[in-house]
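File shown here: run.tsv, holding TSV, C-alpha atoms and all ligand atoms.
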```
chain	number	residue	atom	x	y	z
A	62	MET	CA	-7.26	-19.62	5.68
A	63	ARG	CA	-10.46	-17.61	5.71
A	64	ILE	CA	-10.16	-14.11	4.28
A	65	CYS	CA	-12.57	-11.22	4.58
A	66	LEU	CA	-11.76	-8.18	2.46
A	67	ASP	CA	-12.95	-4.75	1.45
A	68	THR	CA	-11.65	-1.69	-0.38
A	69	ARG	CA	-13.04	1.80	-0.89
A	70	PRO	CA	-11.82	4.96	-2.59
A	71	GLY	CA	-10.83	7.88	-0.40
A	72	GLY	CA	-12.91	10.40	-2.33
A	73	ALA	CA	-14.58	10.99	-5.68
A	74	ASN	CA	-11.67	9.70	-7.80
A	75	PRO	CA	-11.39	6.04	-8.90
A	76	ASN	CA	-9.96	3.66	-6.32
A	77	GLU	CA	-6.22	3.08	-6.80
A	78	ASP	CA	-6.06	0.37	-4.10
A	79	TRP	CA	-6.69	-3.27	-4.98
A	80	VAL	CA	-7.24	-6.33	-2.81
A	81	ALA	CA	-7.90	-10.00	-3.46
A	82	GLY	CA	-7.82	-13.28	-1.58
A	83	SER	CA	-7.86	-17.00	-2.20
A	84	PRO	CA	-7.80	-19.87	0.31
A	85	THR	CA	-4.00	-19.52	0.47
A	86	LEU	CA	-3.22	-15.97	-0.66
A	87	ALA	CA	-4.00	-12.37	0.35
A	88	VAL	CA	-2.80	-9.50	-1.83
A	89	VAL	CA	-3.07	-5.72	-1.28
A	90	LEU	CA	-1.78	-3.17	-3.79
A	91	ASP	CA	-1.77	0.61	-3.29
A	92	GLY	CA	-1.28	2.57	-6.49
A	93	LEU	CA	0.86	5.69	-6.12
A	94	SER	CA	-0.91	9.00	-6.65
A	95	THR	CA	0.00	10.89	-9.81
A	96	VAL	CA	-1.42	14.22	-8.47
A	97	GLY	CA	-2.26	15.30	-12.00
A	98	LEU	CA	1.28	14.85	-13.36
A	99	SER	CA	2.07	13.00	-16.58
A	100	THR	CA	2.68	9.24	-16.42
A	101	GLY	CA	3.47	8.29	-20.00
A	102	CYS	CA	0.70	5.67	-19.74
A	103	GLN	CA	-2.72	5.96	-21.36
A	104	HIS	CA	-4.19	3.27	-19.08
A	105	GLY	CA	-3.93	4.80	-15.61
A	106	VAL	CA	-3.22	3.64	-12.08
A	107	PRO	CA	-6.51	1.72	-11.46
A	108	TRP	CA	-5.80	-0.32	-14.61
A	109	TYR	CA	-2.22	-0.94	-13.49
A	110	VAL	CA	-3.11	-2.24	-10.02
A	111	ALA	CA	-5.91	-4.44	-11.40
A	112	GLN	CA	-3.56	-5.97	-13.98
A	113	LEU	CA	-0.71	-6.40	-11.52
A	114	GLY	CA	-3.05	-8.03	-9.00
A	115	GLY	CA	-4.47	-10.42	-11.57
A	116	HIS	CA	-0.99	-11.37	-12.78
A	117	LEU	CA	0.14	-11.96	-9.18
A	118	LEU	CA	-2.70	-14.38	-8.52
A	119	ALA	CA	-1.87	-16.24	-11.73
A	120	LYS	CA	1.92	-16.34	-11.24
A	121	LEU	CA	1.60	-17.43	-7.60
A	122	ALA	CA	-0.85	-20.22	-8.44
A	123	ASP	CA	2.32	-22.33	-8.52
A	124	SER	CA	2.89	-22.68	-4.77
A	125	GLN	CA	6.55	-23.55	-5.36
A	126	ARG	CA	7.22	-20.15	-6.95
A	127	SER	CA	8.78	-17.73	-4.43
A	128	LEU	CA	6.81	-14.56	-3.75
A	129	SER	CA	9.69	-12.44	-5.09
A	130	ASP	CA	9.90	-14.44	-8.30
A	131	GLY	CA	6.12	-14.30	-8.69
A	132	LEU	CA	6.19	-10.53	-8.25
A	133	ALA	CA	8.98	-10.15	-10.81
A	134	ASP	CA	7.00	-12.30	-13.29
A	135	ALA	CA	3.85	-10.26	-12.67
A	136	ILE	CA	5.60	-6.90	-13.18
A	137	GLU	CA	7.14	-8.20	-16.41
A	138	GLY	CA	3.75	-9.50	-17.55
A	139	VAL	CA	1.99	-6.19	-17.01
A	140	ALA	CA	4.80	-4.23	-18.71
A	141	GLY	CA	4.29	-6.51	-21.72
A	142	MET	CA	0.64	-5.48	-21.89
A	143	HIS	CA	1.34	-1.83	-22.74
A	144	PRO	CA	4.59	-1.54	-24.71
A	145	GLN	CA	3.04	1.38	-26.60
A	146	CYS	CA	3.20	3.47	-23.41
A	147	ASP	CA	6.38	5.21	-22.23
A	148	LEU	CA	7.44	2.78	-19.50
A	149	GLN	CA	10.64	4.76	-18.94
A	150	ASN	CA	8.64	7.76	-17.73
A	151	PRO	CA	9.56	8.30	-14.05
A	152	GLY	CA	5.85	8.62	-13.31
A	153	THR	CA	4.89	5.31	-14.94
A	154	PRO	CA	2.06	3.71	-12.92
A	155	SER	CA	3.41	2.08	-9.78
A	156	ALA	CA	2.14	0.44	-6.60
A	157	THR	CA	3.11	-0.85	-3.20
A	158	VAL	CA	2.74	-4.62	-2.79
A	159	ALA	CA	1.83	-6.74	0.26
A	160	ILE	CA	1.37	-10.51	-0.12
A	161	LEU	CA	0.63	-13.16	2.52
A	162	ARG	CA	0.67	-16.83	1.48
A	163	GLN	CA	-0.21	-19.81	3.64
A	164	ARG	CA	1.70	-23.04	3.29
A	165	SER	CA	0.86	-26.14	5.34
A	166	ASP	CA	2.38	-24.94	8.61
A	167	ALA	CA	3.77	-21.47	7.87
A	168	PHE	CA	3.12	-18.13	6.22
A	169	ASP	CA	5.35	-16.49	3.64
A	170	HIS	CA	5.14	-12.71	3.37
A	171	LEU	CA	6.37	-10.10	0.92
A	172	VAL	CA	6.19	-6.34	1.47
A	173	LEU	CA	7.35	-3.75	-1.06
A	174	ALA	CA	6.97	-0.21	0.40
A	175	ASP	CA	4.46	0.93	2.99
A	176	SER	CA	1.40	-1.33	2.82
A	177	PRO	CA	1.86	-3.28	6.06
A	178	ILE	CA	1.22	-6.88	7.01
A	179	VAL	CA	0.34	-7.18	10.71
A	180	PHE	CA	0.54	-10.50	12.58
A	181	GLU	CA	-1.32	-11.09	15.82
A	182	GLY	CA	0.82	-13.42	17.90
A	183	VAL	CA	0.86	-14.83	21.40
A	184	SER	CA	3.31	-12.12	22.48
A	185	GLY	CA	1.70	-9.16	20.70
A	186	TYR	CA	1.61	-7.64	17.23
A	187	SER	CA	4.37	-7.54	14.64
A	188	VAL	CA	4.20	-5.09	11.77
A	189	ILE	CA	6.09	-5.69	8.52
A	190	THR	CA	6.44	-2.56	6.40
A	191	ASP	CA	9.09	-0.49	4.60
A	192	LEU	CA	8.75	3.20	5.47
A	193	ARG	CA	11.65	4.54	3.39
A	194	VAL	CA	9.26	6.80	1.47
A	195	ASP	CA	8.50	8.61	4.75
A	196	VAL	CA	12.18	9.30	5.44
A	197	ILE	CA	13.39	10.78	2.16
A	198	LEU	CA	12.84	14.42	1.09
A	199	PRO	CA	11.96	15.69	4.58
A	200	GLU	CA	11.95	19.38	3.59
A	201	LEU	CA	9.44	18.85	0.79
A	202	ARG	CA	7.20	16.74	3.04
A	203	THR	CA	7.29	19.42	5.71
A	204	GLU	CA	6.25	21.99	3.11
A	205	VAL	CA	3.21	19.88	2.16
A	206	GLU	CA	2.25	19.46	5.81
A	207	ARG	CA	2.42	23.23	6.44
A	208	HIS	CA	-0.71	23.71	4.33
A	209	GLU	CA	-4.29	22.63	4.79
A	210	THR	CA	-5.54	19.99	2.36
A	211	TYR	CA	-7.26	21.34	-0.78
A	212	THR	CA	-5.55	24.76	-0.73
A	213	PRO	CA	-3.60	25.83	-3.85
A	214	GLU	CA	-0.43	25.97	-1.74
A	215	HIS	CA	-0.97	22.39	-0.62
A	216	LYS	CA	-1.51	21.16	-4.18
A	217	LYS	CA	1.62	22.94	-5.43
A	218	ALA	CA	3.77	21.57	-2.58
A	219	LEU	CA	2.39	18.06	-3.14
A	220	GLN	CA	3.20	18.15	-6.85
A	221	GLU	CA	6.73	19.32	-6.07
A	222	LEU	CA	7.10	16.44	-3.59
A	223	VAL	CA	5.86	13.87	-6.10
A	224	ILE	CA	8.15	15.25	-8.85
A	225	ALA	CA	11.11	14.87	-6.47
A	226	GLN	CA	9.97	11.40	-5.35
A	227	ARG	CA	9.86	10.24	-8.96
A	228	GLN	CA	13.54	11.13	-9.36
A	229	VAL	CA	14.55	8.72	-6.57
A	230	ARG	CA	11.80	6.13	-6.98
A	231	ASN	CA	13.31	2.69	-7.55
A	232	THR	CA	16.86	3.89	-6.94
A	233	PRO	CA	19.14	3.11	-3.97
A	234	GLU	CA	18.72	6.74	-2.81
A	235	GLY	CA	14.96	6.44	-2.64
A	236	TYR	CA	12.42	3.68	-2.17
A	237	TRP	CA	11.19	0.63	-4.05
A	238	VAL	CA	7.75	0.05	-5.56
A	239	ALA	CA	6.33	-2.13	-8.30
A	240	ALA	CA	6.36	-0.26	-11.63
A	241	ALA	CA	7.63	-1.39	-15.05
A	242	ASP	CA	10.99	-2.95	-14.05
A	243	GLN	CA	10.81	-6.45	-12.60
A	244	ASP	CA	14.20	-6.11	-10.85
A	245	VAL	CA	12.60	-4.19	-7.96
A	246	ALA	CA	11.18	-7.49	-6.64
A	247	GLU	CA	14.55	-8.32	-5.11
A	248	TYR	CA	14.26	-5.29	-2.81
A	249	ALA	CA	11.02	-6.47	-1.17
A	250	LEU	CA	11.00	-7.51	2.48
A	251	THR	CA	10.31	-11.25	2.66
A	252	GLY	CA	10.11	-13.81	5.43
A	253	THR	CA	8.34	-16.80	6.92
A	254	THR	CA	6.30	-17.11	10.11
A	255	ALA	CA	5.30	-20.41	11.75
A	256	LEU	CA	1.53	-20.85	11.74
A	257	ALA	CA	1.66	-21.91	15.40
A	258	ASP	CA	3.13	-18.51	16.39
A	259	VAL	CA	0.29	-16.33	15.09
A	260	SER	CA	-3.50	-16.33	15.47
A	261	ALA	CA	-4.57	-13.87	12.75
A	262	ALA	CA	-3.12	-11.44	10.21
A	263	ALA	CA	-4.22	-8.28	8.45
A	264	VAL	CA	-2.87	-7.03	5.12
A	265	MET	CA	-3.74	-3.39	4.40
A	266	SER	CA	-2.87	-0.21	2.58
A	267	ASP	CA	-1.52	2.76	4.51
A	268	GLY	CA	-4.87	4.45	3.98
A	269	VAL	CA	-6.04	2.10	6.75
A	270	SER	CA	-2.96	1.66	8.93
A	271	ARG	CA	-2.74	5.43	9.43
A	272	LEU	CA	-5.61	5.08	11.92
A	273	ILE	CA	-3.06	3.44	14.22
A	274	THR	CA	0.29	4.88	13.09
A	275	GLU	CA	-0.53	8.49	12.13
A	276	TYR	CA	-3.83	9.38	13.78
A	277	LYS	CA	-3.07	7.21	16.84
A	278	MET	CA	-6.81	6.71	17.32
A	279	ALA	CA	-6.58	2.93	17.81
A	280	THR	CA	-4.09	0.29	18.90
A	281	TRP	CA	-3.40	-2.88	16.93
A	282	ALA	CA	-5.36	-4.77	19.60
A	283	ASP	CA	-8.35	-2.42	19.04
A	284	THR	CA	-7.98	-2.94	15.31
A	285	PHE	CA	-8.06	-6.74	15.45
A	286	GLU	CA	-11.01	-6.61	17.85
A	287	LEU	CA	-12.86	-4.40	15.36
A	288	LEU	CA	-11.91	-6.70	12.46
A	289	ARG	CA	-13.30	-9.71	14.33
A	290	ALA	CA	-16.53	-7.87	15.22
A	291	GLY	CA	-17.30	-6.03	12.00
A	292	GLY	CA	-14.75	-7.09	9.41
A	293	PRO	CA	-12.76	-4.82	7.06
A	294	SER	CA	-15.82	-2.68	6.26
A	295	ALA	CA	-16.15	-1.62	9.90
A	296	LEU	CA	-12.43	-0.80	10.08
A	297	ILE	CA	-12.56	1.38	6.95
A	298	GLU	CA	-15.67	3.13	8.31
A	299	ARG	CA	-13.78	3.87	11.53
A	300	VAL	CA	-10.97	5.46	9.52
A	301	ARG	CA	-13.47	7.62	7.61
A	302	ASP	CA	-15.25	8.65	10.82
A	303	VAL	CA	-11.96	9.80	12.32
A	304	GLU	CA	-10.97	11.69	9.14
A	305	ALA	CA	-14.36	13.43	9.07
A	306	THR	CA	-13.42	15.15	12.35
A	307	ASP	CA	-10.41	16.75	10.58
A	308	PRO	CA	-11.44	17.26	6.93
A	309	THR	CA	-8.66	19.69	5.97
A	310	GLY	CA	-5.78	18.07	7.81
A	311	ARG	CA	-5.20	20.61	10.58
A	312	ARG	CA	-4.80	17.97	13.26
A	313	TRP	CA	-3.30	15.28	11.03
A	314	PRO	CA	-1.58	16.91	8.02
A	315	ARG	CA	-1.98	14.63	5.02
A	316	TYR	CA	-2.00	14.51	1.23
A	317	LYS	CA	-5.79	14.21	0.94
A	318	SER	CA	-8.71	14.11	3.34
A	319	GLY	CA	-9.21	10.37	2.93
A	320	ASP	CA	-6.82	7.99	1.17
A	321	ASP	CA	-7.97	4.90	-0.71
A	322	ALA	CA	-8.30	2.02	1.74
A	323	ALA	CA	-7.94	-1.76	1.35
A	324	VAL	CA	-7.90	-4.55	3.95
A	325	ALA	CA	-7.67	-8.33	3.87
A	326	PHE	CA	-8.32	-9.91	7.29
A	327	CYS	CA	-6.97	-13.45	7.50
A	328	GLN	CA	-7.93	-16.09	10.07
A	329	TRP	CA	-7.39	-19.83	10.20
A	401	ZN	ZN	-0.15	2.06	-20.26
```

Mind converting the file's structure to structure tokens?
Amino acid sequence: MRICLDTRPGGANPNEDWVAGSPTLAVVLDGLSTVGLSTGCQHGVPWYVAQLGGHLLAKLADSQRSLSDGLADAIEGVAGMHPQCDLQNPGTPSATVAILRQRSDAFDHLVLADSPIVFEGVSGYSVITDLRVDVILPELRTEVERHETYTPEHKKALQELVIAQRQVRNTPEGYWVAAADQDVAEYALTGTTALADVSAAAVMSDGVSRLITEYKMATWADTFELLRAGGPSALIERVRDVEATDPTGRRWPRYKSGDDAAVAFCQW
């Protein structure tokens, strides 16, 4: 397949999204925000996603390895790189994972948390994502959304939300993301799609998909048209243009004005 990709930070802080592609593989990772809270790791989220991404490409070089097994191997490999850090800390660096792999006549996919894979098919668009993180802790999320972005009240509410999320992260009561424990790989959504049933696919972080799902300023058909015309860069610019009309989240309450964004657009 042919892959076009781009990623950009949402603001002045280092990008915590990561994207890569090969002729048979597209990978998007979205590191979870630490909102200034301790992580027990001296390396940081950008380091974690870069290492996890690199390990994924290496572990999945064996096309017979299942995506879940490759993810488990990659998580274990990265954990082995920083044993001096406190990997039991509930805020240990973590990330969503979305992987698309082409085999001769089919695609395998793996999605862990809310970075979606979107297939364009003859009968429309299918979106593969796990939105459990958006369902838990509704009262704390509502409290964040009551305040405009960048106010002290917003920051305090967001930290309280993240502290509570960490207590249920990677437990059956919460949601699953890649962190230091390889066992989470078994909770990823996986499946296979016949190549003949789809014409293109996009793998992205929720910093991009929110243009469609949260802001409702484009359809998936609009999005694929834009990807064909201008590639991932044009799509990310569209997201930023829309966010610039609502810098403090009055219209679309959110955790920050612009989230890190990553897209891999896949055609064949
Ligand atoms: Zn570390």

request  = For ligand ZN 401 (chain A), list the contacting residues at 12 Å or closer, counting all atoms listed in the file, as JSON, numbers by chain.
outcome  = {"A": [99, 100, 101, 102, 103, 104, 105, 106, 107, 108, 109, 110, 112, 139, 140, 141, 142, 143, 144, 145, 146, 147, 148, 149, 150, 152, 153, 154, 155, 240, 241]}

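Between Gly92 (chain A) and the residues A:Val194, A:Leu250, A:Glu77, A:Thr280, the shortest atom-to-atom distance, using all atoms listed in the file, involves A:Glu77.
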
ask   = Near region 313-318 of chain A, counting all atoms listed in the file, which residues have an atom at most 7 Å away, once you skip same-chain residues fewer than 2 positions from it, shown as a list in words?
value = Glu206, Thr210, Tyr276, Glu304, Pro308, Thr309, Gly310, Arg311 and Asp320 of chain A

key: Option closest in space to Ile178 (chain A), from A:Thr253, A:Ser94, A:Thr190, A:Asn231 [counting all atoms listed in the file]   =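 Using all atoms listed in the file, the shortest distance to Ile178 (chain A) belongs to A:Thr190.
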
inquiry  = Nearest residue to Glu275 (chain A) out of A:Ala261, A:Asp195, A:Arg230, A:Glu200, using all atoms listed in the file?
reply    =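 Answer, going by the shortest atom-to-atom distance: A:Asp195.
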
remark   = Computed gap from CA of Arg202 (chain A) to CA of Arg312 (chain A) is 15.8 Å

query = Can you tell me how far CA of Ala290 (chain A) sits from CA of Val259 (chain A), in Å to one decimal?
reply = 18.8 Å

task = Name all residues at most 6 Å from region 217-221 of chain A (count all atoms listed in the file; drop same-chain ones fewer than 3 positions away) and give them as JSON, numbers by chain.
result = {"A": [205, 214, 224]}

request  = Counting only C-alpha atoms, find the residues whose atoms lie at most 6 Å from (10.9, -9.0, -0.9) (file coordinates) and write them out as a ChimeraX atom specification.
outcome  = /A:129,171-172,246-251

request  = Calculate how many Å separate CA of Ala239 (chain A) from CA of Ala156 (chain A), rounding to one decimal.
outcome  =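 Rounded to one decimal, the two atoms are 5.2 Å apart.
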
Size and centre in Å, one decimal, axis-aligned box, all listed region 273-291 of chain A atoms plus 6 Å per side, as lines of an AutoDock Vina configuration file:
```
center_x = -8.5
center_y = -0.2
center_z = 15.8
size_x = 29.6
size_y = 31.1
size_z = 19.6
```
